[in-house]
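Below is one structure; the comments refer to it alone.
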Amino acid sequence: MAVEAKDTLFIQQLALKTYIGVYAHEKKIKQTVILDLSLDYDSQIAGQSDCLGDALDYAALVNSLRVFLADLHCHLLEHLAEKICQHIFATFPCSKINLSLSKPQALGNGARVGLKVERRR
């Protein structure tokens, strides 16, 4: 009997560098963005096989995002969030992404600005 699965892989507080912002000083240096990700996928095969090849490889996901964001230039968090979700869907087998994306240095004084999005394929 097949069991329907709704499994979620999550990564929290992932700090990556990218070019983000509309102001001249933001376009010259990379800024840290913080990602909280949840990806829905079926983990049953990996759960049974205990084989990395059957899993959503979170180390590969993080490395892929690091490389993808390294040379990306975005003005808005909204655009960056869309680009990240498109990249994940194009590269990894998931059906839904919940992404929380923030710029910890955006406002100063310890304030953090962010955006939460949910995308399905």
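FYI, nothing fancy with the structure tokens labels: chains A, B, ... in order, residues from 1 per chain, ligands from 1 as they appear.
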DSSP helix (DSSP H, G or I) selection over chain A, as a PyMOL selection string: chain A and resi 24-28+44-49+52-54+58-70+77-91
Expected answer as a VMD selection string: strand (DSSP E or B) residues in chain A: chain A and resid 7 to 20 31 to 41 73 to 74 96 to 103 113 to 120
Top pick for closest residue to A:Phe68, considering A:Lys116, A:Lys6, A:Lys96, A:Lys17 and counting only C-alpha atoms: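 Smallest distance to A:Phe68 is found for A:Lys17.
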Closest of A:Ala70, A:Asp42, A:Phe10, A:Ala59 to A:Ser100 - atom-to-atom distances counting only C-alpha atoms: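 Closest candidate: A:Phe10.
Take the candidates A:Ser43, A:Ser49, A:Ser38, A:Gln105 and check each one against A:Ile88 using only C-alpha atoms; the shortest distance goes to A:Ser38.
Reported to one decimal place, the separation of atom CA of A:Cys94 from atom CA of A:Gln48 is 18.4 Å.
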Nearest residue to A:Gln12 from the set A:Ala55, A:Ala24, A:Val62, A:Cys74 (distances using only C-alpha atoms): A:Val62
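Nearest to A:Leu101 of all the residues A:Ala60, A:Leu35, A:Ala46, A:Ala15 is A:Leu35, counting only C-alpha atoms.
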Pairwise distance for atom CA of A:Leu9 and atom CA of A:His73, rounded to one decimal in Å: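 Rounded to one decimal, the two atoms are 27.2 Å apart.
Distance check against A:His75 using only C-alpha atoms: of A:Val22, A:Ile97, A:Leu16, A:Leu107, the minimum falls on A:Val22.
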